[in-house]
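These notes are about the structure you will find just below.
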Amino acid sequence: MAFAASVGAQPAHALTVYTAGPGNLSKKLAAGFEKKTGIKVDVFQATTGKVMARIEAEQANPRADVLISASWDTAQDLEKRGWLAPFQSANASRVPAPFKTTHYVAQGLSALGIVWNARSGTPEPHDWRDLTRPAYRNLVTMPDPALSGASADLLLGLQARLGDEAWKLFDDLKHNGMVVSGPNAQALNPVLQGAKAAVFGAVDYVAYAAAAQGEAVKVIFPTSGTVIAPRPMMILNTSKQQNEARQFIDYVLSEEGQQLVAQAWLIPAREDIAIKRASFKDLRLLPQGDAQSSGASRAEVLARFSRLNAAQSR
Amino acid sequence: MNSLRGLSTASVAALAVVVALPVAFVLLQAVFPHLAQGSFAEPFAAVWPTLSHDDTLPLVTNTLGLGLAVAFGTALVGGALGAIRGLFHVPGARLWDLCFLLPFLVPPYLAALGWMLLLQTGGYAQQLTGMDAGAFLFSLPGLVFVMTLNIFPVVYFAVSRALATTGSRLADVARIHGASAWRAFARVTLPLALPAFAASLLLAFTMAIEEFGAPAALGARAGFTVLVTAIEGRFADWPIDLPGASILSVVLAVLALLAFVLQHRLAAGKDFETQTGKPVASPPRTLGPWKAPVIVGFAGVALLATVAPLFSILATALSGTLSGGLSLANLTTAHFTALLGQGAEGLEALVTSLSLALGTSLVTGVLGFLCAWCVVKSTMRARVLIDGLSLLPHALPGIVVGVGLILAWNLPFWPVTPYNTWGILLLSYSCLLLPYPVRYTSAALRQMATSLEAAARVHGAPTGVVLRRITLPLVMPALGASLMIVFAIASRELVTSLLLAPSGVQTVSIFVWRQFEQGSIGQGMAMGVVSMAVSGTLLLLASRLGGRRESAA
């Protein structure tokens, strides 16, 4: 009976936003939007996988109005399924073309790099291949691409650019004792404490935030190139609050919203926002490989990677 | 007898909502792969491909091996300490109880992380003593070690409480009739404690096979995967495999149910009535020359199970940076002040978690007591159904219950739904934790003489009055102990909270988890410390109050 009362207490026009981290950012965006428009925002925040699981489980009665994912791939997939409402925000005019489509637009971007513990007593790495050297034997971690959307994007990017060379790289890394474990923070933690020296393919904003707190880590973007992970925002076509949802995306892409994105150590989607970290224009990028990253090849690449991983650890 | 029928109907109805509904939807999802789209097409299409997959058999054997190893470990540690605590006057008994209750307050994901920070290469242990136990930690024995220390209190509390209620009175009778001390223990005391011991071992086994935090953190690094992590993976990988996850969940549930049947067989016909209502004074024996070794044993286990992970968590919460290590220069309260600085958010999460834990204790306490009574003391036909349903959640990992609840309650035809309110969290916690009061209470009820209730009924007391005035007070020590465990676990539940928390609602565990995701391990640990301190204090107060009432009675 008690929950019947709290169902009635739900605000009539609250907007529901499902988002994959960072938590402080979603909170600040919700508060800023509410202050500006008076529309309350209910945020559900989890990893991309959990957010997508919830959306899939809710298919019979969808709840989310706006979805912000950490993986571009998920937006492509949802558009293919016809779940998205088309929308072009006026504020998206300053967003570079690769980071917007008719149905979704980046909130911000992160890049993948090597995160290295400067006190580890190892030489500073400059490229992915450096981590296969004996100096890093048993000292490298990597986030599990099955759990981290951004890490999966790196895998796909390396495979698209290097083909079989990429698999040789992973094979050499495994032979050098690299461990694959958990999502991003779990791969970073042993590097912070010094159990390991470097993370292969860490999401940059988490490491920048750790460095800002005084951790002895350095974010290094490899000389041969890396992958960026744009974080797509989209409106679900089942949303009964299309208008409010559009206002929310307008707000995130406004100067104020993009400043908040920058404060979370992400690269803002708009080019005209000043930032205190490496911008994507400073990064050497591997090709995105959009054509290959269909659901099937993504699954294949992930499966091949996990087979490689399992074969080594047994 | 009308009130009896009412009681059983109400219990079955409540169990249907709390347990059967989410389970039914998981089963439906396993059979009908397109259920989430509202379609019943291609029934059973996913069953064989999932079961015949190369990975499935190792998952099952790994899960069984882990469960058995942890059950064995908890039997050794929890059984020995519990027996000593129940039979003898152990100095500082209350303190040890509190120490062993604390592992329940330490969320498994925090404990696993704490052990990693402590034992991995460069961890606190190496910083303090130069010992590098990294290779041990990330292996199957390391995983069993950590999980045993997390889970053994279940066995400890069950065994010590069962022996304390049985008392040494009957063994004394055997001694008077000439039995040796060992013979009295083996022939009288041990069989009397066996139902509670077997039941708690089953609980330890099922807790081990459904645990997520430690296998995910440590097992993955050891190349050791179990069903729960595989199920979690199928939910968290995109695209998501709901049917495959549901089918593996059913496999896991079958494993736990088999264990349950086995335990039932073992304990069948072994009910002994030791609570006859006759006033007896049975003071626990003194330990004599064994006092010192016993204290060393209790202290050693407390050091490993409680002090070590807590030290690690506290050290991290008080360290400015992880890379700074254990040094005075790195000591800071900044993580705690930052917690306050975030305004109401942390406090709100704490209040939400504590309220939910209290609510869950109330719901599972009432429902668990009624279910246990129906099963043990009544002859009603529904009791097999009630027994199965009330214990079933122990065979289900949290994430399965979570998805079952979404599938069940998000359908458009419900006039009122708890979905997207805190009510869904109350439902999921109640479902997951109901087996605790049921197990503990039924173990106590099995030892209670039927004559006590019969006497009250002969004197004209209706069922309700008998339950309230006779039965409830007698099982209160066991029920109370189980509700403390419920409170402790509910105040830090993670997996279903992550999935089910309505937009805008945060629990302590979600707060901590999000801090970890953003890389601020120190702040997550600080929140963990605050929440453990608050719920620990509340439990201490409750046990004080309970203790006073017991001694007044």
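Following the order of the structure tokens, chains are lettered A, B, ..., residues in each are numbered from 1, and ligands are numbered from 1.
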
Residues of chain B were defined as contacting chain A if any atom lay at most 8 Å from it, counting only C-alpha atoms; please report them as a count of residues only. 51

DSSP strand (DSSP E) residues within region 54-281 of chain A, as a PyMOL selection string: chain A and resi 66-68+84-85+104-117+140-142+179-180+198-203+217-220+228-236+267-268

Do a neighbour search on Ile235 (chain A) at 7 Å with only C-alpha atoms, toss out local chain neighbours closer than 2 positions, and write the hits as a PyMOL selection string. chain A and resi 65-67+84-85+237+245

Based on the selection just made, write all heavy atoms of those residues as a CSV table (one decimal), in the first residue's frame.
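Final file, out14.csv:
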chain,number,residue,atom,x,y,z
A,65,ASP,N,13.3,8.8,-21.1
A,65,ASP,CA,13.1,9.8,-22.2
A,65,ASP,C,14.4,10.1,-22.9
A,65,ASP,O,14.4,10.1,-24.1
A,65,ASP,CB,12.6,11.1,-21.5
A,65,ASP,CG,11.3,10.9,-20.8
A,65,ASP,OD1,10.3,10.4,-21.4
A,65,ASP,OD2,11.2,11.2,-19.6
A,66,VAL,N,15.4,10.3,-22.2
A,66,VAL,CA,16.7,10.6,-22.8
A,66,VAL,C,17.7,9.5,-22.3
A,66,VAL,O,17.7,9.1,-21.2
A,66,VAL,CB,17.2,12.0,-22.4
A,66,VAL,CG1,18.6,12.2,-22.9
A,66,VAL,CG2,16.3,13.0,-22.8
A,67,LEU,N,18.6,9.1,-23.3
A,67,LEU,CA,19.6,8.1,-22.9
A,67,LEU,C,21.0,8.7,-23.3
A,67,LEU,O,21.1,9.2,-24.4
A,67,LEU,CB,19.4,6.8,-23.7
A,67,LEU,CG,20.5,5.8,-23.8
A,67,LEU,CD1,20.8,5.2,-22.4
A,67,LEU,CD2,20.2,4.7,-24.7
A,84,LEU,N,14.7,5.4,-31.9
A,84,LEU,CA,15.1,6.7,-31.6
A,84,LEU,C,14.3,7.8,-32.3
A,84,LEU,O,13.9,7.5,-33.5
A,84,LEU,CB,16.6,6.9,-31.9
A,84,LEU,CG,17.6,6.0,-31.2
A,84,LEU,CD1,19.0,6.4,-31.6
A,84,LEU,CD2,17.4,6.1,-29.7
A,85,ALA,N,14.0,8.9,-31.7
A,85,ALA,CA,13.3,10.0,-32.3
A,85,ALA,C,14.4,10.9,-32.9
A,85,ALA,O,15.4,11.2,-32.3
A,85,ALA,CB,12.5,10.7,-31.3
A,237,ASN,N,12.0,7.2,-28.9
A,237,ASN,CA,10.8,7.6,-29.6
A,237,ASN,C,9.5,7.2,-28.8
A,237,ASN,O,8.4,7.6,-29.1
A,237,ASN,CB,10.7,7.1,-31.1
A,237,ASN,CG,10.7,5.6,-31.1
A,237,ASN,OD1,10.6,4.9,-30.1
A,237,ASN,ND2,10.8,5.1,-32.4
A,245,ALA,N,12.5,16.6,-23.5
A,245,ALA,CA,13.7,15.9,-23.8
A,245,ALA,C,14.6,16.7,-24.7
A,245,ALA,O,15.8,16.8,-24.5
A,245,ALA,CB,13.4,14.5,-24.4

DSSP on the backbone: what in region 102-233 of chain A comes out helix (DSSP H, G or I), as an NGL selection string? :A and (128-132 or 134-136 or 149-162 or 164-175 or 184-193 or 204-212)

Quick one: residues within 10 Å of region 123-127 of chain A, only C-alpha atoms counted, chain neighbours fewer than 3 positions away excluded, as an mmCIF file with N, CA, C and O atoms, in the first residue's frame?
data_model
loop_
_atom_site.group_PDB
_atom_site.id
_atom_site.type_symbol
_atom_site.label_atom_id
_atom_site.label_comp_id
_atom_site.auth_asym_id
_atom_site.auth_seq_id
_atom_site.Cartn_x
_atom_site.Cartn_y
_atom_site.Cartn_z
ATOM 1 N N GLY A 113 43.958 5.840 -23.571
ATOM 2 C CA GLY A 113 45.404 5.999 -23.574
ATOM 3 C C GLY A 113 46.056 5.022 -22.634
ATOM 4 O O GLY A 113 45.429 4.088 -22.132
ATOM 5 N N ILE A 114 47.358 5.253 -22.425
ATOM 6 C CA ILE A 114 48.091 4.486 -21.437
ATOM 7 C C ILE A 114 48.123 5.325 -20.168
ATOM 8 O O ILE A 114 48.409 6.521 -20.232
ATOM 9 N N VAL A 115 47.782 4.721 -19.042
ATOM 10 C CA VAL A 115 47.938 5.428 -17.775
ATOM 11 C C VAL A 115 49.107 4.783 -17.050
ATOM 12 O O VAL A 115 49.120 3.570 -16.843
ATOM 13 N N TRP A 116 50.084 5.600 -16.718
ATOM 14 C CA TRP A 116 51.350 5.076 -16.222
ATOM 15 C C TRP A 116 51.657 5.651 -14.849
ATOM 16 O O TRP A 116 51.483 6.851 -14.604
ATOM 17 N N ASN A 117 52.080 4.796 -13.924
ATOM 18 C CA ASN A 117 52.461 5.229 -12.585
ATOM 19 C C ASN A 117 53.916 5.715 -12.627
ATOM 20 O O ASN A 117 54.842 4.927 -12.820
ATOM 21 N N ALA A 118 54.076 7.015 -12.420
ATOM 22 C CA ALA A 118 55.402 7.619 -12.564
ATOM 23 C C ALA A 118 56.377 7.131 -11.493
ATOM 24 O O ALA A 118 57.586 7.262 -11.643
ATOM 25 N N ARG A 119 55.835 6.565 -10.393
ATOM 26 C CA ARG A 119 56.725 6.080 -9.335
ATOM 27 C C ARG A 119 57.013 4.589 -9.450
ATOM 28 O O ARG A 119 57.534 3.979 -8.518
ATOM 29 N N SER A 120 56.618 3.984 -10.573
ATOM 30 C CA SER A 120 56.714 2.527 -10.683
ATOM 31 C C SER A 120 58.131 2.047 -10.970
ATOM 32 O O SER A 120 58.397 0.851 -10.946
ATOM 33 N N ASP A 130 55.203 -0.481 -26.672
ATOM 34 C CA ASP A 130 56.192 -0.402 -25.585
ATOM 35 C C ASP A 130 55.834 -1.326 -24.429
ATOM 36 O O ASP A 130 56.715 -1.835 -23.730
ATOM 37 N N LEU A 131 54.529 -1.523 -24.231
ATOM 38 C CA LEU A 131 54.103 -2.309 -23.070
ATOM 39 C C LEU A 131 54.355 -3.798 -23.246
ATOM 40 O O LEU A 131 54.129 -4.581 -22.328
ATOM 41 N N THR A 132 54.821 -4.211 -24.451
ATOM 42 C CA THR A 132 55.176 -5.625 -24.632
ATOM 43 C C THR A 132 56.635 -5.868 -24.265
ATOM 44 O O THR A 132 57.123 -6.987 -24.339
ATOM 45 N N ARG A 133 57.348 -4.796 -23.871
ATOM 46 C CA ARG A 133 58.780 -4.939 -23.576
ATOM 47 C C ARG A 133 59.000 -5.582 -22.205
ATOM 48 O O ARG A 133 58.134 -5.522 -21.328
ATOM 49 N N ALA A 135 60.570 -4.718 -19.698
ATOM 50 C CA ALA A 135 60.494 -3.816 -18.546
ATOM 51 C C ALA A 135 59.098 -3.825 -17.920
ATOM 52 O O ALA A 135 58.932 -3.508 -16.743
ATOM 53 N N TYR A 136 58.073 -4.190 -18.712
ATOM 54 C CA TYR A 136 56.700 -4.179 -18.195
ATOM 55 C C TYR A 136 56.172 -5.582 -17.948
ATOM 56 O O TYR A 136 54.966 -5.797 -17.877
ATOM 57 N N ALA A 197 52.297 -1.302 -13.269
ATOM 58 C CA ALA A 197 52.905 -0.033 -13.675
ATOM 59 C C ALA A 197 52.026 0.768 -14.622
ATOM 60 O O ALA A 197 52.069 1.997 -14.620
ATOM 61 N N ALA A 198 51.228 0.093 -15.449
ATOM 62 C CA ALA A 198 50.486 0.829 -16.470
ATOM 63 C C ALA A 198 49.185 0.140 -16.855
ATOM 64 O O ALA A 198 49.068 -1.082 -16.772
ATOM 65 N N PHE A 200 46.742 -0.476 -20.051
ATOM 66 C CA PHE A 200 46.666 -0.444 -21.498
ATOM 67 C C PHE A 200 45.227 -0.094 -21.861
ATOM 68 O O PHE A 200 44.304 -0.865 -21.575
ATOM 69 N N LYS A 218 50.155 9.352 -14.884
ATOM 70 C CA LYS A 218 50.251 10.219 -16.044
ATOM 71 C C LYS A 218 49.448 9.593 -17.186
ATOM 72 O O LYS A 218 49.507 8.382 -17.395
ATOM 73 N N ILE A 220 49.046 9.066 -21.024
ATOM 74 C CA ILE A 220 49.906 9.142 -22.206
ATOM 75 C C ILE A 220 49.108 8.685 -23.424
ATOM 76 O O ILE A 220 48.525 7.596 -23.419
ATOM 77 N N PHE A 221 49.060 9.540 -24.475
ATOM 78 C CA PHE A 221 48.386 9.128 -25.702
ATOM 79 C C PHE A 221 49.432 8.584 -26.666
ATOM 80 O O PHE A 221 50.374 9.287 -27.024
ATOM 81 N N PRO A 222 49.287 7.314 -27.083
ATOM 82 C CA PRO A 222 50.321 6.635 -27.863
ATOM 83 C C PRO A 222 50.610 7.340 -29.184
ATOM 84 O O PRO A 222 49.708 7.888 -29.821
ATOM 85 N N THR A 223 51.894 7.290 -29.568
ATOM 86 C CA THR A 223 52.326 7.987 -30.780
ATOM 87 C C THR A 223 51.690 7.402 -32.039
ATOM 88 O O THR A 223 51.466 8.123 -33.003
ATOM 89 N N SER A 224 51.377 6.111 -32.041
ATOM 90 C CA SER A 224 50.816 5.514 -33.257
ATOM 91 C C SER A 224 49.319 5.794 -33.390
ATOM 92 O O SER A 224 48.724 5.457 -34.396
ATOM 93 N N GLY A 225 48.733 6.395 -32.395
ATOM 94 C CA GLY A 225 47.331 6.758 -32.514
ATOM 95 C C GLY A 225 46.456 6.018 -31.520
ATOM 96 O O GLY A 225 46.818 4.967 -31.001
ATOM 97 N N THR A 226 45.297 6.618 -31.246
ATOM 98 C CA THR A 226 44.376 5.991 -30.304
ATOM 99 C C THR A 226 42.950 6.133 -30.808
ATOM 100 O O THR A 226 42.714 6.515 -31.949
#

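One distance worth recording is that between CA of Gln159 (chain A) and CA of Ser306 (chain A), which is 14.5 Å.
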
Excluding region 96-99 of chain A and any residue of its chain fewer than 3 positions from it, enumerate the residues within 12 Å of it, using only C-alpha atoms, and give them as number ranges by chain. A: 72, 75, 91-93, 102-109, 228-233, 267-272, 280-281, 287-290

Emit the selected residues as a PDB file, in the first residue's frame, including N, CA and C atoms.
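Produced file out36.pdb, reproduced below:
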ATOM      1  N   TRP A  72      29.279   4.706 -28.654  1.00  0.00           N
ATOM      2  CA  TRP A  72      28.645   5.166 -29.891  1.00  0.00           C
ATOM      3  C   TRP A  72      27.864   4.038 -30.550  1.00  0.00           C
ATOM      4  N   ALA A  75      24.182   3.547 -29.761  1.00  0.00           N
ATOM      5  CA  ALA A  75      23.275   4.470 -30.436  1.00  0.00           C
ATOM      6  C   ALA A  75      22.980   3.984 -31.849  1.00  0.00           C
ATOM      7  N   ASN A  91      22.021  23.997 -30.847  1.00  0.00           N
ATOM      8  CA  ASN A  91      23.340  24.118 -30.231  1.00  0.00           C
ATOM      9  C   ASN A  91      24.348  23.128 -30.791  1.00  0.00           C
ATOM     10  N   ALA A  92      23.868  22.169 -31.597  1.00  0.00           N
ATOM     11  CA  ALA A  92      24.783  21.173 -32.146  1.00  0.00           C
ATOM     12  C   ALA A  92      25.586  21.723 -33.312  1.00  0.00           C
ATOM     13  N   SER A  93      25.292  22.970 -33.721  1.00  0.00           N
ATOM     14  CA  SER A  93      26.001  23.524 -34.884  1.00  0.00           C
ATOM     15  C   SER A  93      27.504  23.625 -34.638  1.00  0.00           C
ATOM     16  N   THR A 102      21.507  12.430 -37.502  1.00  0.00           N
ATOM     17  CA  THR A 102      20.148  12.956 -37.428  1.00  0.00           C
ATOM     18  C   THR A 102      19.451  12.543 -36.143  1.00  0.00           C
ATOM     19  N   HIS A 103      19.938  11.463 -35.513  1.00  0.00           N
ATOM     20  CA  HIS A 103      19.220  10.923 -34.359  1.00  0.00           C
ATOM     21  C   HIS A 103      19.962  11.030 -33.037  1.00  0.00           C
ATOM     22  N   TYR A 104      21.261  11.268 -33.095  1.00  0.00           N
ATOM     23  CA  TYR A 104      21.989  11.384 -31.828  1.00  0.00           C
ATOM     24  C   TYR A 104      23.187  12.299 -31.978  1.00  0.00           C
ATOM     25  N   VAL A 105      23.672  12.772 -30.831  1.00  0.00           N
ATOM     26  CA  VAL A 105      24.766  13.735 -30.835  1.00  0.00           C
ATOM     27  C   VAL A 105      25.607  13.490 -29.593  1.00  0.00           C
ATOM     28  N   ALA A 106      26.907  13.769 -29.698  1.00  0.00           N
ATOM     29  CA  ALA A 106      27.770  13.512 -28.549  1.00  0.00           C
ATOM     30  C   ALA A 106      27.523  14.519 -27.433  1.00  0.00           C
ATOM     31  N   GLN A 107      27.535  14.038 -26.212  1.00  0.00           N
ATOM     32  CA  GLN A 107      27.515  14.907 -25.032  1.00  0.00           C
ATOM     33  C   GLN A 107      28.928  15.434 -24.797  1.00  0.00           C
ATOM     34  N   GLY A 108      29.878  14.540 -24.962  1.00  0.00           N
ATOM     35  CA  GLY A 108      31.290  14.852 -24.779  1.00  0.00           C
ATOM     36  C   GLY A 108      32.065  13.666 -25.299  1.00  0.00           C
ATOM     37  N   LEU A 109      33.379  13.732 -25.175  1.00  0.00           N
ATOM     38  CA  LEU A 109      34.200  12.641 -25.689  1.00  0.00           C
ATOM     39  C   LEU A 109      35.253  12.268 -24.655  1.00  0.00           C
ATOM     40  N   ILE A 228      38.954   7.575 -29.918  1.00  0.00           N
ATOM     41  CA  ILE A 228      38.139   8.367 -29.007  1.00  0.00           C
ATOM     42  C   ILE A 228      36.776   7.724 -28.885  1.00  0.00           C
ATOM     43  N   ALA A 229      36.168   7.927 -27.747  1.00  0.00           N
ATOM     44  CA  ALA A 229      34.848   7.355 -27.501  1.00  0.00           C
ATOM     45  C   ALA A 229      33.862   8.487 -27.288  1.00  0.00           C
ATOM     46  N   PRO A 230      33.136   8.881 -28.360  1.00  0.00           N
ATOM     47  CA  PRO A 230      32.115   9.899 -28.163  1.00  0.00           C
ATOM     48  C   PRO A 230      30.943   9.296 -27.386  1.00  0.00           C
ATOM     49  N   ARG A 231      30.328  10.093 -26.505  1.00  0.00           N
ATOM     50  CA  ARG A 231      29.250   9.581 -25.651  1.00  0.00           C
ATOM     51  C   ARG A 231      27.927  10.087 -26.199  1.00  0.00           C
ATOM     52  N   PRO A 232      27.170   9.220 -26.925  1.00  0.00           N
ATOM     53  CA  PRO A 232      25.987   9.706 -27.623  1.00  0.00           C
ATOM     54  C   PRO A 232      24.800   9.983 -26.698  1.00  0.00           C
ATOM     55  N   MET A 233      24.078  11.089 -27.015  1.00  0.00           N
ATOM     56  CA  MET A 233      22.814  11.405 -26.324  1.00  0.00           C
ATOM     57  C   MET A 233      21.689  11.185 -27.323  1.00  0.00           C
ATOM     58  N   ILE A 267      36.257  15.639 -22.933  1.00  0.00           N
ATOM     59  CA  ILE A 267      36.398  16.631 -23.997  1.00  0.00           C
ATOM     60  C   ILE A 267      34.989  17.064 -24.372  1.00  0.00           C
ATOM     61  N   PRO A 268      34.666  18.379 -24.308  1.00  0.00           N
ATOM     62  CA  PRO A 268      33.310  18.796 -24.675  1.00  0.00           C
ATOM     63  C   PRO A 268      33.035  18.478 -26.139  1.00  0.00           C
ATOM     64  N   ALA A 269      31.768  18.243 -26.466  1.00  0.00           N
ATOM     65  CA  ALA A 269      31.418  17.936 -27.858  1.00  0.00           C
ATOM     66  C   ALA A 269      31.617  19.171 -28.735  1.00  0.00           C
ATOM     67  N   ARG A 270      31.361  20.369 -28.178  1.00  0.00           N
ATOM     68  CA  ARG A 270      31.515  21.603 -28.950  1.00  0.00           C
ATOM     69  C   ARG A 270      32.979  22.005 -29.009  1.00  0.00           C
ATOM     70  N   GLU A 271      33.362  22.519 -30.205  1.00  0.00           N
ATOM     71  CA  GLU A 271      34.770  22.892 -30.392  1.00  0.00           C
ATOM     72  C   GLU A 271      35.119  24.198 -29.687  1.00  0.00           C
ATOM     73  N   ASP A 272      34.104  25.019 -29.361  1.00  0.00           N
ATOM     74  CA  ASP A 272      34.391  26.378 -28.902  1.00  0.00           C
ATOM     75  C   ASP A 272      34.465  26.508 -27.385  1.00  0.00           C
ATOM     76  N   PHE A 280      40.670  16.709 -28.622  1.00  0.00           N
ATOM     77  CA  PHE A 280      40.794  15.613 -29.599  1.00  0.00           C
ATOM     78  C   PHE A 280      41.571  16.046 -30.830  1.00  0.00           C
ATOM     79  N   LYS A 281      41.677  17.381 -30.997  1.00  0.00           N
ATOM     80  CA  LYS A 281      42.489  17.861 -32.113  1.00  0.00           C
ATOM     81  C   LYS A 281      43.986  17.611 -31.854  1.00  0.00           C
ATOM     82  N   PRO A 287      41.508   5.194 -37.245  1.00  0.00           N
ATOM     83  CA  PRO A 287      40.194   5.357 -37.863  1.00  0.00           C
ATOM     84  C   PRO A 287      39.106   4.745 -36.990  1.00  0.00           C
ATOM     85  N   GLN A 288      37.899   5.353 -37.037  1.00  0.00           N
ATOM     86  CA  GLN A 288      36.805   4.884 -36.192  1.00  0.00           C
ATOM     87  C   GLN A 288      36.297   3.525 -36.624  1.00  0.00           C
ATOM     88  N   GLY A 289      36.355   3.262 -37.935  1.00  0.00           N
ATOM     89  CA  GLY A 289      35.919   1.955 -38.419  1.00  0.00           C
ATOM     90  C   GLY A 289      34.437   1.723 -38.232  1.00  0.00           C
ATOM     91  N   ASP A 290      33.634   2.740 -38.582  1.00  0.00           N
ATOM     92  CA  ASP A 290      32.182   2.644 -38.400  1.00  0.00           C
ATOM     93  C   ASP A 290      31.595   1.446 -39.129  1.00  0.00           C
TER      94      ASP A 290
END

Using Å and a single decimal, report how far CA of Leu483 (chain B) sits from CA of Leu105 (chain B). 13.0 Å

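One distance worth recording is that between CA of Phe157 (chain B) and CA of Gly86 (chain B), which is 9.1 Å.
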
Using only C-alpha atoms, which residues sit within 9 Å of Ala481 (chain B) once same-chain residues fewer than 5 positions away are excluded, as a list in words? Phe157, Ala158, Arg161, Pro437, Tyr440, Met476, Val486 and Ser543 of chain B

Would you save the residues from that selection as an mmCIF file, in the first residue's frame, using all heavy atoms?
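Saved result, again.cif, follows:
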data_model
loop_
_atom_site.group_PDB
_atom_site.id
_atom_site.type_symbol
_atom_site.label_atom_id
_atom_site.label_comp_id
_atom_site.auth_asym_id
_atom_site.auth_seq_id
_atom_site.Cartn_x
_atom_site.Cartn_y
_atom_site.Cartn_z
ATOM 1 N N PHE B 157 26.891 -18.222 14.085
ATOM 2 C CA PHE B 157 25.724 -17.786 14.851
ATOM 3 C C PHE B 157 24.689 -18.893 14.959
ATOM 4 O O PHE B 157 24.097 -19.097 16.029
ATOM 5 C CB PHE B 157 25.114 -16.516 14.232
ATOM 6 C CG PHE B 157 25.892 -15.288 14.583
ATOM 7 C CD1 PHE B 157 26.685 -14.649 13.643
ATOM 8 C CD2 PHE B 157 25.865 -14.780 15.877
ATOM 9 C CE1 PHE B 157 27.429 -13.525 13.978
ATOM 10 C CE2 PHE B 157 26.600 -13.658 16.223
ATOM 11 C CZ PHE B 157 27.390 -13.026 15.274
ATOM 12 N N ALA B 158 24.477 -19.642 13.871
ATOM 13 C CA ALA B 158 23.482 -20.715 13.924
ATOM 14 C C ALA B 158 23.878 -21.767 14.958
ATOM 15 O O ALA B 158 23.071 -22.169 15.798
ATOM 16 C CB ALA B 158 23.324 -21.346 12.547
ATOM 17 N N ARG B 161 23.923 -20.345 18.679
ATOM 18 C CA ARG B 161 22.588 -20.105 19.221
ATOM 19 C C ARG B 161 21.858 -21.426 19.477
ATOM 20 O O ARG B 161 21.207 -21.600 20.499
ATOM 21 C CB ARG B 161 21.763 -19.225 18.286
ATOM 22 C CG ARG B 161 22.246 -17.788 18.171
ATOM 23 C CD ARG B 161 22.251 -17.081 19.539
ATOM 24 N NE ARG B 161 22.804 -15.731 19.418
ATOM 25 C CZ ARG B 161 24.088 -15.447 19.581
ATOM 26 N NH1 ARG B 161 24.963 -16.416 19.877
ATOM 27 N NH2 ARG B 161 24.513 -14.208 19.459
ATOM 28 N N PRO B 437 15.353 -15.303 8.170
ATOM 29 C CA PRO B 437 14.441 -15.550 9.295
ATOM 30 C C PRO B 437 13.751 -16.911 9.196
ATOM 31 O O PRO B 437 13.525 -17.552 10.222
ATOM 32 C CB PRO B 437 13.430 -14.404 9.214
ATOM 33 C CG PRO B 437 13.731 -13.634 8.010
ATOM 34 C CD PRO B 437 15.055 -14.039 7.486
ATOM 35 N N TYR B 440 16.419 -19.624 10.387
ATOM 36 C CA TYR B 440 16.756 -19.524 11.805
ATOM 37 C C TYR B 440 15.537 -19.862 12.660
ATOM 38 O O TYR B 440 15.645 -20.558 13.657
ATOM 39 C CB TYR B 440 17.261 -18.114 12.132
ATOM 40 C CG TYR B 440 18.718 -17.895 11.797
ATOM 41 C CD1 TYR B 440 19.161 -17.955 10.484
ATOM 42 C CD2 TYR B 440 19.644 -17.608 12.790
ATOM 43 C CE1 TYR B 440 20.494 -17.750 10.168
ATOM 44 C CE2 TYR B 440 20.977 -17.391 12.488
ATOM 45 C CZ TYR B 440 21.398 -17.469 11.181
ATOM 46 O OH TYR B 440 22.709 -17.259 10.870
ATOM 47 N N MET B 476 12.218 -15.933 19.710
ATOM 48 C CA MET B 476 12.728 -14.570 19.532
ATOM 49 C C MET B 476 14.262 -14.488 19.436
ATOM 50 O O MET B 476 14.777 -13.736 18.605
ATOM 51 C CB MET B 476 12.211 -13.672 20.657
ATOM 52 C CG MET B 476 12.143 -12.202 20.282
ATOM 53 S SD MET B 476 11.265 -11.941 18.717
ATOM 54 C CE MET B 476 12.104 -10.499 18.143
ATOM 55 N N VAL B 486 19.669 -9.740 8.447
ATOM 56 C CA VAL B 486 18.872 -9.121 7.380
ATOM 57 C C VAL B 486 19.166 -7.625 7.324
ATOM 58 O O VAL B 486 19.433 -7.066 6.253
ATOM 59 C CB VAL B 486 17.358 -9.354 7.616
ATOM 60 C CG1 VAL B 486 16.527 -8.486 6.686
ATOM 61 C CG2 VAL B 486 17.015 -10.819 7.418
ATOM 62 N N SER B 543 21.009 -5.188 20.014
ATOM 63 C CA SER B 543 21.389 -6.408 20.723
ATOM 64 C C SER B 543 21.410 -6.159 22.230
ATOM 65 O O SER B 543 21.058 -7.021 23.021
ATOM 66 C CB SER B 543 22.724 -6.931 20.204
ATOM 67 O OG SER B 543 23.760 -6.665 21.106
#

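When only C-alpha atoms are used to compute distances to Leu194 (chain B), the closest of the residues B:Phe88, B:Ala75, B:Pro33, B:Leu539 turns out to be B:Ala75.
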